[in-house]
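> Hey, dropping query31.pdb in here, PDB, C-alpha atoms, pLDDT in the B column:
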ATOM      1  CA  MET L   1     -43.710 -23.885 -16.032  1.00 72.00           C
ATOM      2  CA  ALA L   2     -42.338 -23.409 -12.532  1.00 79.00           C
ATOM      3  CA  TYR L   3     -40.508 -20.290 -13.727  1.00 81.00           C
ATOM      4  CA  LEU L   4     -43.697 -18.775 -15.144  1.00 83.00           C
ATOM      5  CA  CYS L   5     -45.465 -19.568 -11.877  1.00 84.00           C
ATOM      6  CA  SER L   6     -42.856 -17.634  -9.902  1.00 86.00           C
ATOM      7  CA  LEU L   7     -42.866 -14.472 -12.028  1.00 87.00           C
ATOM      8  CA  ARG L   8     -43.640 -11.069 -10.490  1.00 91.00           C
ATOM      9  CA  LYS L   9     -44.462  -8.006 -12.550  1.00 91.00           C
ATOM     10  CA  PRO L  10     -41.324  -5.841 -12.860  1.00 91.00           C
ATOM     11  CA  GLY L  11     -41.858  -2.506 -11.138  1.00 88.00           C
ATOM     12  CA  LYS L  12     -41.653  -0.222 -14.160  1.00 90.00           C
ATOM     13  CA  MET L  13     -43.600  -2.515 -16.508  1.00 92.00           C
ATOM     14  CA  SER L  14     -47.298  -1.813 -16.979  1.00 93.00           C
ATOM     15  CA  PRO L  15     -49.771  -4.615 -16.190  1.00 94.00           C
ATOM     16  CA  ASN L  16     -50.889  -4.578 -19.834  1.00 94.00           C
ATOM     17  CA  THR L  17     -47.328  -5.151 -21.101  1.00 94.00           C
ATOM     18  CA  PHE L  18     -46.739  -7.835 -18.480  1.00 93.00           C
ATOM     19  CA  LEU L  19     -49.887  -9.703 -19.550  1.00 94.00           C
ATOM     20  CA  LEU L  20     -48.815  -9.576 -23.205  1.00 94.00           C
ATOM     21  CA  LYS L  21     -45.411 -11.043 -22.293  1.00 93.00           C
ATOM     22  CA  LEU L  22     -46.990 -13.678 -20.029  1.00 92.00           C
ATOM     23  CA  LYS L  23     -49.331 -14.759 -22.852  1.00 92.00           C
ATOM     24  CA  ALA L  24     -46.409 -14.888 -25.304  1.00 91.00           C
ATOM     25  CA  ALA L  25     -44.387 -17.062 -22.902  1.00 90.00           C
ATOM     26  CA  ASN L  26     -47.417 -19.318 -22.427  1.00 87.00           C
ATOM     27  CA  ARG L  27     -47.705 -19.765 -26.216  1.00 87.00           C
ATOM     28  CA  LEU L  28     -43.988 -20.595 -26.427  1.00 87.00           C
ATOM     29  CA  VAL L  29     -44.338 -23.268 -23.736  1.00 84.00           C
ATOM     30  CA  LYS L  30     -47.009 -24.950 -25.861  1.00 81.00           C
ATOM     31  CA  SER L  31     -44.695 -24.999 -28.895  1.00 82.00           C
ATOM     32  CA  LEU L  32     -41.631 -26.451 -27.151  1.00 82.00           C
ATOM     33  CA  PRO L  33     -40.438 -29.816 -28.482  1.00 81.00           C
ATOM     34  CA  GLY L  34     -41.935 -32.628 -26.457  1.00 80.00           C
ATOM     35  CA  ALA L  35     -44.754 -30.471 -25.043  1.00 75.00           C
ATOM     36  CA  PRO L  36     -47.982 -32.455 -24.630  1.00 75.00           C
ATOM     37  CA  ASP L  37     -50.742 -31.824 -27.145  1.00 71.00           C
ATOM     38  CA  THR L  38     -53.189 -31.125 -24.331  1.00 74.00           C
ATOM     39  CA  ASN L  39     -52.657 -29.314 -21.045  1.00 74.00           C
ATOM     40  CA  ALA L  40     -49.463 -27.595 -22.203  1.00 78.00           C
ATOM     41  CA  GLY L  41     -49.108 -24.129 -20.729  1.00 83.00           C
ATOM     42  CA  PHE L  42     -51.719 -22.365 -18.628  1.00 87.00           C
ATOM     43  CA  SER L  43     -55.459 -22.715 -19.052  1.00 88.00           C
ATOM     44  CA  GLU L  44     -57.478 -19.476 -19.077  1.00 90.00           C
ATOM     45  CA  GLU L  45     -58.185 -19.848 -15.332  1.00 92.00           C
ATOM     46  CA  GLN L  46     -54.538 -20.595 -14.537  1.00 92.00           C
ATOM     47  CA  LEU L  47     -53.439 -17.601 -16.627  1.00 93.00           C
ATOM     48  CA  LYS L  48     -55.785 -15.338 -14.616  1.00 93.00           C
ATOM     49  CA  ARG L  49     -54.401 -16.748 -11.365  1.00 93.00           C
ATOM     50  CA  GLN L  50     -50.768 -16.297 -12.447  1.00 94.00           C
ATOM     51  CA  PHE L  51     -51.393 -12.759 -13.714  1.00 93.00           C
ATOM     52  CA  LEU L  52     -53.036 -11.730 -10.449  1.00 93.00           C
ATOM     53  CA  LYS L  53     -50.341 -13.448  -8.368  1.00 94.00           C
ATOM     54  CA  ALA L  54     -47.628 -11.499 -10.260  1.00 93.00           C
ATOM     55  CA  MET L  55     -49.040  -8.127  -9.236  1.00 93.00           C
ATOM     56  CA  PRO L  56     -47.879  -6.165  -6.145  1.00 93.00           C
ATOM     57  CA  ASN L  57     -49.431  -7.457  -2.916  1.00 92.00           C
ATOM     58  CA  SER L  58     -51.099  -4.120  -2.153  1.00 92.00           C
ATOM     59  CA  TRP L  59     -52.903  -4.260  -5.518  1.00 93.00           C
ATOM     60  CA  ILE L  60     -54.018  -7.842  -4.871  1.00 92.00           C
ATOM     61  CA  ASP L  61     -55.417  -6.773  -1.485  1.00 93.00           C
ATOM     62  CA  LYS L  62     -57.328  -3.927  -3.153  1.00 93.00           C
ATOM     63  CA  PHE L  63     -58.629  -6.360  -5.776  1.00 93.00           C
ATOM     64  CA  HIS L  64     -60.087  -8.566  -3.041  1.00 93.00           C
ATOM     65  CA  ASP L  65     -61.287  -5.538  -1.016  1.00 93.00           C
ATOM     66  CA  ALA L  66     -63.266  -4.483  -4.105  1.00 92.00           C
ATOM     67  CA  ASN L  67     -65.138  -7.804  -3.789  1.00 91.00           C
ATOM     68  CA  MET L  68     -63.576  -9.124  -6.991  1.00 92.00           C
ATOM     69  CA  SER L  69     -62.626 -12.767  -7.434  1.00 91.00           C
ATOM     70  CA  LEU L  70     -60.923 -14.870 -10.075  1.00 91.00           C
ATOM     71  CA  LYS L  71     -64.068 -16.904 -10.717  1.00 91.00           C
ATOM     72  CA  LYS L  72     -66.333 -13.878 -11.252  1.00 92.00           C
ATOM     73  CA  THR L  73     -63.842 -11.684 -13.141  1.00 93.00           C
ATOM     74  CA  SER L  74     -62.521 -12.073 -16.691  1.00 94.00           C
ATOM     75  CA  LEU L  75     -58.826 -11.710 -17.511  1.00 94.00           C
ATOM     76  CA  VAL L  76     -59.576  -8.490 -19.427  1.00 94.00           C
ATOM     77  CA  ASP L  77     -61.330  -7.051 -16.362  1.00 94.00           C
ATOM     78  CA  ILE L  78     -58.446  -8.055 -14.072  1.00 94.00           C
ATOM     79  CA  LYS L  79     -55.992  -6.412 -16.480  1.00 94.00           C
ATOM     80  CA  TRP L  80     -58.126  -3.262 -16.602  1.00 95.00           C
ATOM     81  CA  TYR L  81     -58.305  -3.158 -12.787  1.00 95.00           C
ATOM     82  CA  MET L  82     -54.530  -3.590 -12.442  1.00 93.00           C
ATOM     83  CA  ASP L  83     -53.880  -0.909 -15.066  1.00 93.00           C
ATOM     84  CA  ARG L  84     -55.995   1.443 -12.938  1.00 93.00           C
ATOM     85  CA  GLN L  85     -53.994   0.484  -9.828  1.00 93.00           C
ATOM     86  CA  ASN L  86     -50.797   1.186 -11.765  1.00 92.00           C
ATOM     87  CA  LEU L  87     -52.047   4.702 -12.537  1.00 92.00           C
ATOM     88  CA  LYS L  88     -53.127   5.351  -8.938  1.00 90.00           C
ATOM     89  CA  ASP L  89     -50.102   3.772  -7.268  1.00 85.00           C
ATOM     90  CA  PRO L  90     -47.191   3.874  -9.732  1.00 81.00           C
ATOM     91  CA  TYR L  91     -43.939   2.086  -9.115  1.00 75.00           C
ATOM     92  CA  ALA L  92     -41.415   4.095  -7.102  1.00 75.00           C
ATOM     93  CA  ASN L  93     -37.998   2.559  -6.925  1.00 68.00           C
ATOM     94  CA  LYS L  94     -36.728   2.723  -3.351  1.00 63.00           C
ATOM     95  CA  LYS L  95     -33.211   3.656  -4.511  1.00 62.00           C
ATOM     96  CA  ASP L  96     -34.577   6.471  -6.708  1.00 56.00           C
ATOM     97  CA  LYS L  97     -36.583   7.812  -3.772  1.00 55.00           C
ATOM     98  CA  GLU L  98     -33.523   7.716  -1.502  1.00 58.00           C
ATOM     99  CA  GLN L  99     -31.480   9.516  -4.178  1.00 58.00           C
ATOM    100  CA  ASN L 100     -34.162  12.216  -4.496  1.00 57.00           C
ATOM    101  CA  CYS L 101     -34.167  12.663  -0.734  1.00 56.00           C
ATOM    102  CA  THR L 102     -30.378  13.020  -0.709  1.00 55.00           C
ATOM    103  CA  ASN L 103     -30.495  15.564  -3.538  1.00 56.00           C
ATOM    104  CA  ASN L 104     -33.247  17.540  -1.798  1.00 54.00           C
ATOM    105  CA  ASP L 105     -31.254  17.635   1.426  1.00 52.00           C
ATOM    106  CA  GLN L 106     -28.134  18.821  -0.388  1.00 55.00           C
ATOM    107  CA  ASN L 107     -30.067  21.531  -2.201  1.00 53.00           C
ATOM    108  CA  PHE L 108     -31.648  22.604   1.077  1.00 51.00           C
ATOM    109  CA  SER L 109     -28.247  22.791   2.752  1.00 51.00           C
ATOM    110  CA  ARG L 110     -26.854  24.965  -0.053  1.00 52.00           C
ATOM    111  CA  ASN L 111     -29.923  27.188  -0.261  1.00 51.00           C
ATOM    112  CA  ASN L 112     -30.171  27.640   3.502  1.00 51.00           C
ATOM    113  CA  GLN L 113     -26.921  29.583   3.899  1.00 51.00           C
ATOM    114  CA  HIS L 114     -28.934  32.778   4.361  1.00 49.00           C
ATOM    115  CA  GLY L 115     -30.942  31.530   7.335  1.00 48.00           C
ATOM    116  CA  SER L 116     -34.138  30.554   5.557  1.00 46.00           C
ATOM    117  CA  ASN L 117     -36.251  28.084   7.521  1.00 47.00           C
ATOM    118  CA  ASN L 118     -38.160  26.962   4.424  1.00 48.00           C
ATOM    119  CA  ARG L 119     -37.971  23.189   4.048  1.00 46.00           C
ATOM    120  CA  HIS L 120     -39.391  21.930   0.756  1.00 47.00           C
ATOM    121  CA  GLY L 121     -39.057  18.367  -0.471  1.00 47.00           C
ATOM    122  CA  ASN L 122     -38.647  16.744   2.946  1.00 49.00           C
ATOM    123  CA  CYS L 123     -38.666  13.091   1.963  1.00 52.00           C
ATOM    124  CA  GLY L 124     -38.877  11.802   5.511  1.00 49.00           C
ATOM    125  CA  GLY L 125     -42.178  13.546   6.043  1.00 48.00           C
ATOM    126  CA  SER L 126     -41.145  15.211   9.275  1.00 45.00           C
ATOM    127  CA  SER L 127     -40.386  18.842   9.895  1.00 44.00           C
ATOM    128  CA  ASN L 128     -36.775  19.895  10.136  1.00 44.00           C
ATOM    129  CA  ARG L 129     -37.363  22.277  13.018  1.00 44.00           C
ATOM    130  CA  ASP L 130     -36.489  21.654  16.636  1.00 44.00           C
ATOM    131  CA  GLY L 131     -39.706  22.830  18.274  1.00 45.00           C
ATOM    132  CA  ASN L 132     -38.501  26.397  18.713  1.00 45.00           C
ATOM    133  CA  GLY L 133     -38.823  27.120  14.999  1.00 46.00           C
ATOM    134  CA  ASN L 134     -35.069  26.780  14.508  1.00 44.00           C
ATOM    135  CA  ASN L 135     -33.665  24.896  11.572  1.00 44.00           C
ATOM    136  CA  ARG L 136     -31.282  22.105  12.541  1.00 43.00           C
ATOM    137  CA  ASN L 137     -29.822  21.829   9.013  1.00 47.00           C
ATOM    138  CA  SER L 138     -30.185  18.045   8.944  1.00 48.00           C
ATOM    139  CA  ASN L 139     -31.791  15.654   6.549  1.00 54.00           C
ATOM    140  CA  ALA L 140     -35.001  13.670   7.102  1.00 55.00           C
ATOM    141  CA  ASN L 141     -33.162  11.027   9.128  1.00 55.00           C
ATOM    142  CA  GLY L 142     -31.805  13.573  11.592  1.00 54.00           C
ATOM    143  CA  HIS L 143     -28.267  13.240  10.226  1.00 54.00           C
ATOM    144  CA  PRO L 144     -26.370  16.304   9.010  1.00 54.00           C
ATOM    145  CA  ALA L 145     -26.723  16.889   5.286  1.00 62.00           C
ATOM    146  CA  HIS L 146     -23.355  16.111   3.705  1.00 69.00           C
ATOM    147  CA  ILE L 147     -21.870  17.989   0.801  1.00 73.00           C
ATOM    148  CA  GLN L 148     -20.832  15.804  -2.123  1.00 76.00           C
ATOM    149  CA  LEU L 149     -17.453  16.049  -3.844  1.00 77.00           C
ATOM    150  CA  THR L 150     -19.206  17.160  -7.046  1.00 81.00           C
ATOM    151  CA  ASP L 151     -21.035  20.054  -5.313  1.00 78.00           C
ATOM    152  CA  PRO L 152     -19.727  23.613  -5.688  1.00 80.00           C
ATOM    153  CA  CYS L 153     -17.404  24.658  -2.879  1.00 79.00           C
ATOM    154  CA  LEU L 154     -19.431  26.542  -0.236  1.00 76.00           C
ATOM    155  CA  LEU L 155     -16.528  28.370   1.405  1.00 77.00           C
ATOM    156  CA  PRO L 156     -16.516  32.162   0.952  1.00 77.00           C
ATOM    157  CA  GLY L 157     -14.571  33.128  -2.168  1.00 75.00           C
ATOM    158  CA  HIS L 158     -14.326  29.527  -3.371  1.00 74.00           C
ATOM    159  CA  GLY L 159     -17.104  29.546  -5.951  1.00 70.00           C
ATOM    160  CA  ASN L 160     -15.092  28.547  -9.015  1.00 81.00           C
ATOM    161  CA  HIS L 161     -14.407  24.882  -8.139  1.00 82.00           C
ATOM    162  CA  THR L 162     -16.046  21.828  -6.600  1.00 82.00           C
ATOM    163  CA  TRP L 163     -15.733  20.678  -2.991  1.00 75.00           C
ATOM    164  CA  GLY L 164     -13.744  17.670  -4.215  1.00 81.00           C
ATOM    165  CA  GLN L 165     -11.147  20.000  -5.774  1.00 84.00           C
ATOM    166  CA  CYS L 166     -10.888  22.308  -2.753  1.00 83.00           C
ATOM    167  CA  ASN L 167      -7.611  22.182  -0.844  1.00 81.00           C
ATOM    168  CA  SER L 168      -9.521  23.042   2.341  1.00 80.00           C
ATOM    169  CA  ASN L 169     -11.287  19.697   2.080  1.00 80.00           C
ATOM    170  CA  ILE L 170      -9.355  17.297   4.335  1.00 78.00           C
ATOM    171  CA  ASN L 171     -10.673  14.371   2.251  1.00 76.00           C
ATOM    172  CA  ASN L 172      -9.107  15.750  -0.942  1.00 76.00           C
ATOM    173  CA  PRO L 173      -6.053  13.568  -1.624  1.00 73.00           C
ATOM    174  CA  GLN L 174      -4.489  16.330  -3.724  1.00 74.00           C
ATOM    175  CA  ALA L 175      -4.708  18.964  -0.976  1.00 65.00           C
ATOM    176  CA  LYS L 176      -1.252  20.404  -0.385  1.00 56.00           C
ATOM    177  CA  SER L 177      -2.092  23.000   2.223  1.00 46.00           C
ATOM    178  CA  SER L 178      -4.934  24.099   4.410  1.00 44.00           C
ATOM    179  CA  LYS L 179      -5.451  27.201   2.228  1.00 47.00           C
ATOM    180  CA  CYS L 180      -7.411  26.683  -0.965  1.00 47.00           C
ATOM    181  CA  SER L 181      -5.312  27.361  -4.060  1.00 46.00           C
ATOM    182  CA  TYR L 182      -8.472  27.972  -6.118  1.00 46.00           C
ATOM    183  CA  GLN L 183      -9.503  30.989  -4.072  1.00 46.00           C
ATOM    184  CA  SER L 184     -10.537  33.938  -6.229  1.00 44.00           C
ATOM    185  CA  LYS L 185      -8.574  37.166  -5.745  1.00 43.00           C
TER     186      LYS L 185
END
Translate this structure into structure tokens?

Amino acid sequence: MAYLCSLRKPGKMSPNTFLLKLKAANRLVKSLPGAPDTNAGFSEEQLKRQFLKAMPNSWIDKFHDANMSLKKTSLVDIKWYMDRQNLKDPYANKKDKEQNCTNNDQNFSRNNQHGSNNRHGNCGGSSNRDGNGNNRNSNANGHPAHIQLTDPCLLPGHGNHTWGQCNSNINNPQAKSSKCSYQSK
């Protein structure tokens, strides 16, 4: 039972699915060998408490801010409320968000070769201009946007290979000279 008491809703799982799995686990606890005939598993009140406790803290705060309580609210109503919170504030994996920011910065760096100051998809939320309207060509953290080895080579005349294959890339272990052997003629 201690395990069920410590559960948190997985980020990508809907509250409805989580409740179904929590109820199924509660039924299994009651059917385990040696389980008492009475008081095995969660009561209806305990199930409500555990379901609410498993939700994200921000949703729990909103639940209480809406003047809702466990005593006055049925499990179905709590589930409905949490499903609504899930729609309004869906799970966003921090790693996925960081990856999207990195991809946006790389795309911006590639697309900004012609001097465009347009900055779309700034994940950091701050402008990428220095106060004089000039683009600093850096990502949301203020660090230079780095080209990845799988990106197309950005050097003039080097469009038919990746940066990782370019002999002008000092980090390419196969580079034999400072001149790129993939250069188009």
> Might you pull out every residue within 8 Å of range 150-153 of chain L, with only C-alpha atoms counted and same-chain residues fewer than 5 positions away left off, and present them as a PyMOL selection string?
chain L and resi 158-164+166
> If we count only C-alpha atoms, what is near range 39-41 of chain L at a cut-off of 9 Å, once residues fewer than 3 positions away on the same chain are taken out, given as a list in words?
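Counting only C-alpha atoms, the residues come to Met1, Ala25, Asn26, Arg27, Leu28, Val29, Lys30, Ser31, Ala35, Pro36, Gln46 and Leu47 of chain L.
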> Please write the residues picked by the PyMOL selection byres ((chain L and resi 90) around 12) on this file as a ChimeraX atom specification.
/L:10-15,56,58-59,82-89,91-93
> Kindly provide, as JSON, the centre and edge lengths (Å, one decimal) of an axis-aligned box around all atoms of range 29-41 of chain L given in the file, with 4 Å on each side.

{"center_x": -46.8, "center_y": -27.9, "center_z": -24.8, "size_x": 20.8, "size_y": 17.4, "size_z": 16.2}
> If you measure from CA of Asp77 in chain L to CA of Lys9 in chain L, what distance in Å do you get, rounded to one decimal?
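Value for the CA of Asp77 in chain L-CA of Lys9 in chain L distance: 17.3 Å.
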> Which is closest to Phe42 in chain L among L:Cys5, L:Ala54, L:Met68, L:Leu149, if we use all atoms listed in the file?
L:Cys5
> Interatomic distance between CA of Asn16 in chain L and CA of Tyr81 in chain L?
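Atom-to-atom, CA of Asn16 in chain L and CA of Tyr81 in chain L are spaced 10.3 Å apart.
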> Given the PyMOL selection byres ((chain L and resi 6) around 12) and the file above, list the residues it selects as a list in words.
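Given this file, the PyMOL selection byres ((chain L and resi 6) around 12) evaluates to Met1, Ala2, Tyr3, Leu4, Cys5, Leu7, Arg8, Lys9, Leu22, Arg49, Gln50, Phe51, Leu52, Lys53, Ala54 and Met55 of chain L.
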> Calculate how many Å separate CA of Leu20 in chain L from CA of Glu45 in chain L, rounding to one decimal.
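About the pair CA of Leu20 in chain L and CA of Glu45 in chain L: they are 16.0 Å apart.
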> Generate the missing atoms of range 153-172 of chain L up to N, CA, C and O atoms and report them as a PDB file, in the frame of the given file.

ATOM      1  N   CYS L 153     -17.993  24.353  -4.183  1.00 79.00           N
ATOM      2  CA  CYS L 153     -17.404  24.658  -2.879  1.00 79.00           C
ATOM      3  C   CYS L 153     -18.219  25.760  -2.221  1.00 79.00           C
ATOM      4  O   CYS L 153     -18.537  26.777  -2.848  1.00 79.00           O
ATOM      5  N   LEU L 154     -18.582  25.588  -0.946  1.00 76.00           N
ATOM      6  CA  LEU L 154     -19.431  26.542  -0.236  1.00 76.00           C
ATOM      7  C   LEU L 154     -18.647  27.554   0.586  1.00 76.00           C
ATOM      8  O   LEU L 154     -19.239  28.441   1.187  1.00 76.00           O
ATOM      9  N   LEU L 155     -17.339  27.437   0.621  1.00 77.00           N
ATOM     10  CA  LEU L 155     -16.528  28.370   1.405  1.00 77.00           C
ATOM     11  C   LEU L 155     -16.532  29.748   0.744  1.00 77.00           C
ATOM     12  O   LEU L 155     -16.546  29.851  -0.487  1.00 77.00           O
ATOM     13  N   PRO L 156     -16.508  30.807   1.535  1.00 77.00           N
ATOM     14  CA  PRO L 156     -16.516  32.162   0.952  1.00 77.00           C
ATOM     15  C   PRO L 156     -15.328  32.357   0.017  1.00 77.00           C
ATOM     16  O   PRO L 156     -14.187  32.016   0.351  1.00 77.00           O
ATOM     17  N   GLY L 157     -15.609  32.870  -1.183  1.00 75.00           N
ATOM     18  CA  GLY L 157     -14.571  33.128  -2.168  1.00 75.00           C
ATOM     19  C   GLY L 157     -14.104  31.895  -2.911  1.00 75.00           C
ATOM     20  O   GLY L 157     -13.138  31.960  -3.657  1.00 75.00           O
ATOM     21  N   HIS L 158     -14.747  30.781  -2.738  1.00 74.00           N
ATOM     22  CA  HIS L 158     -14.326  29.527  -3.371  1.00 74.00           C
ATOM     23  C   HIS L 158     -15.341  29.059  -4.407  1.00 74.00           C
ATOM     24  O   HIS L 158     -15.519  27.874  -4.598  1.00 74.00           O
ATOM     25  N   GLY L 159     -15.999  29.920  -5.085  1.00 70.00           N
ATOM     26  CA  GLY L 159     -17.104  29.546  -5.951  1.00 70.00           C
ATOM     27  C   GLY L 159     -16.730  28.979  -7.299  1.00 70.00           C
ATOM     28  O   GLY L 159     -17.590  28.554  -8.039  1.00 70.00           O
ATOM     29  N   ASN L 160     -15.433  28.959  -7.652  1.00 81.00           N
ATOM     30  CA  ASN L 160     -15.092  28.547  -9.015  1.00 81.00           C
ATOM     31  C   ASN L 160     -14.527  27.131  -9.099  1.00 81.00           C
ATOM     32  O   ASN L 160     -13.810  26.803 -10.024  1.00 81.00           O
ATOM     33  N   HIS L 161     -14.838  26.276  -8.109  1.00 82.00           N
ATOM     34  CA  HIS L 161     -14.407  24.882  -8.139  1.00 82.00           C
ATOM     35  C   HIS L 161     -15.355  24.042  -7.283  1.00 82.00           C
ATOM     36  O   HIS L 161     -16.199  24.575  -6.594  1.00 82.00           O
ATOM     37  N   THR L 162     -15.186  22.725  -7.375  1.00 82.00           N
ATOM     38  CA  THR L 162     -16.046  21.828  -6.600  1.00 82.00           C
ATOM     39  C   THR L 162     -15.418  21.554  -5.240  1.00 82.00           C
ATOM     40  O   THR L 162     -14.226  21.794  -5.031  1.00 82.00           O
ATOM     41  N   TRP L 163     -16.224  21.020  -4.320  1.00 75.00           N
ATOM     42  CA  TRP L 163     -15.733  20.678  -2.991  1.00 75.00           C
ATOM     43  C   TRP L 163     -14.644  19.605  -3.075  1.00 75.00           C
ATOM     44  O   TRP L 163     -13.688  19.607  -2.325  1.00 75.00           O
ATOM     45  N   GLY L 164     -14.747  18.712  -4.042  1.00 81.00           N
ATOM     46  CA  GLY L 164     -13.744  17.670  -4.215  1.00 81.00           C
ATOM     47  C   GLY L 164     -12.399  18.216  -4.663  1.00 81.00           C
ATOM     48  O   GLY L 164     -11.360  17.610  -4.421  1.00 81.00           O
ATOM     49  N   GLN L 165     -12.388  19.380  -5.314  1.00 84.00           N
ATOM     50  CA  GLN L 165     -11.147  20.000  -5.774  1.00 84.00           C
ATOM     51  C   GLN L 165     -10.554  20.955  -4.740  1.00 84.00           C
ATOM     52  O   GLN L 165      -9.414  21.372  -4.881  1.00 84.00           O
ATOM     53  N   CYS L 166     -11.318  21.300  -3.713  1.00 83.00           N
ATOM     54  CA  CYS L 166     -10.888  22.308  -2.753  1.00 83.00           C
ATOM     55  C   CYS L 166      -9.766  21.783  -1.860  1.00 83.00           C
ATOM     56  O   CYS L 166      -9.861  20.697  -1.294  1.00 83.00           O
ATOM     57  N   ASN L 167      -8.719  22.570  -1.708  1.00 81.00           N
ATOM     58  CA  ASN L 167      -7.611  22.182  -0.844  1.00 81.00           C
ATOM     59  C   ASN L 167      -7.973  22.303   0.635  1.00 81.00           C
ATOM     60  O   ASN L 167      -7.247  21.797   1.483  1.00 81.00           O
ATOM     61  N   SER L 168      -9.067  22.959   0.947  1.00 80.00           N
ATOM     62  CA  SER L 168      -9.521  23.042   2.341  1.00 80.00           C
ATOM     63  C   SER L 168     -10.274  21.787   2.758  1.00 80.00           C
ATOM     64  O   SER L 168     -10.562  21.598   3.932  1.00 80.00           O
ATOM     65  N   ASN L 169     -10.592  20.949   1.812  1.00 80.00           N
ATOM     66  CA  ASN L 169     -11.287  19.697   2.080  1.00 80.00           C
ATOM     67  C   ASN L 169     -10.257  18.672   2.545  1.00 80.00           C
ATOM     68  O   ASN L 169      -9.389  18.276   1.770  1.00 80.00           O
ATOM     69  N   ILE L 170     -10.341  18.233   3.795  1.00 78.00           N
ATOM     70  CA  ILE L 170      -9.355  17.297   4.335  1.00 78.00           C
ATOM     71  C   ILE L 170      -9.422  15.933   3.655  1.00 78.00           C
ATOM     72  O   ILE L 170      -8.491  15.155   3.746  1.00 78.00           O
ATOM     73  N   ASN L 171     -10.539  15.640   2.962  1.00 76.00           N
ATOM     74  CA  ASN L 171     -10.673  14.371   2.251  1.00 76.00           C
ATOM     75  C   ASN L 171     -10.173  14.451   0.814  1.00 76.00           C
ATOM     76  O   ASN L 171     -10.286  13.488   0.070  1.00 76.00           O
ATOM     77  N   ASN L 172      -9.652  15.588   0.396  1.00 76.00           N
ATOM     78  CA  ASN L 172      -9.107  15.750  -0.942  1.00 76.00           C
ATOM     79  C   ASN L 172      -7.681  15.228  -0.934  1.00 76.00           C
ATOM     80  O   ASN L 172      -6.815  15.799  -0.276  1.00 76.00           O
TER      81      ASN L 172
END
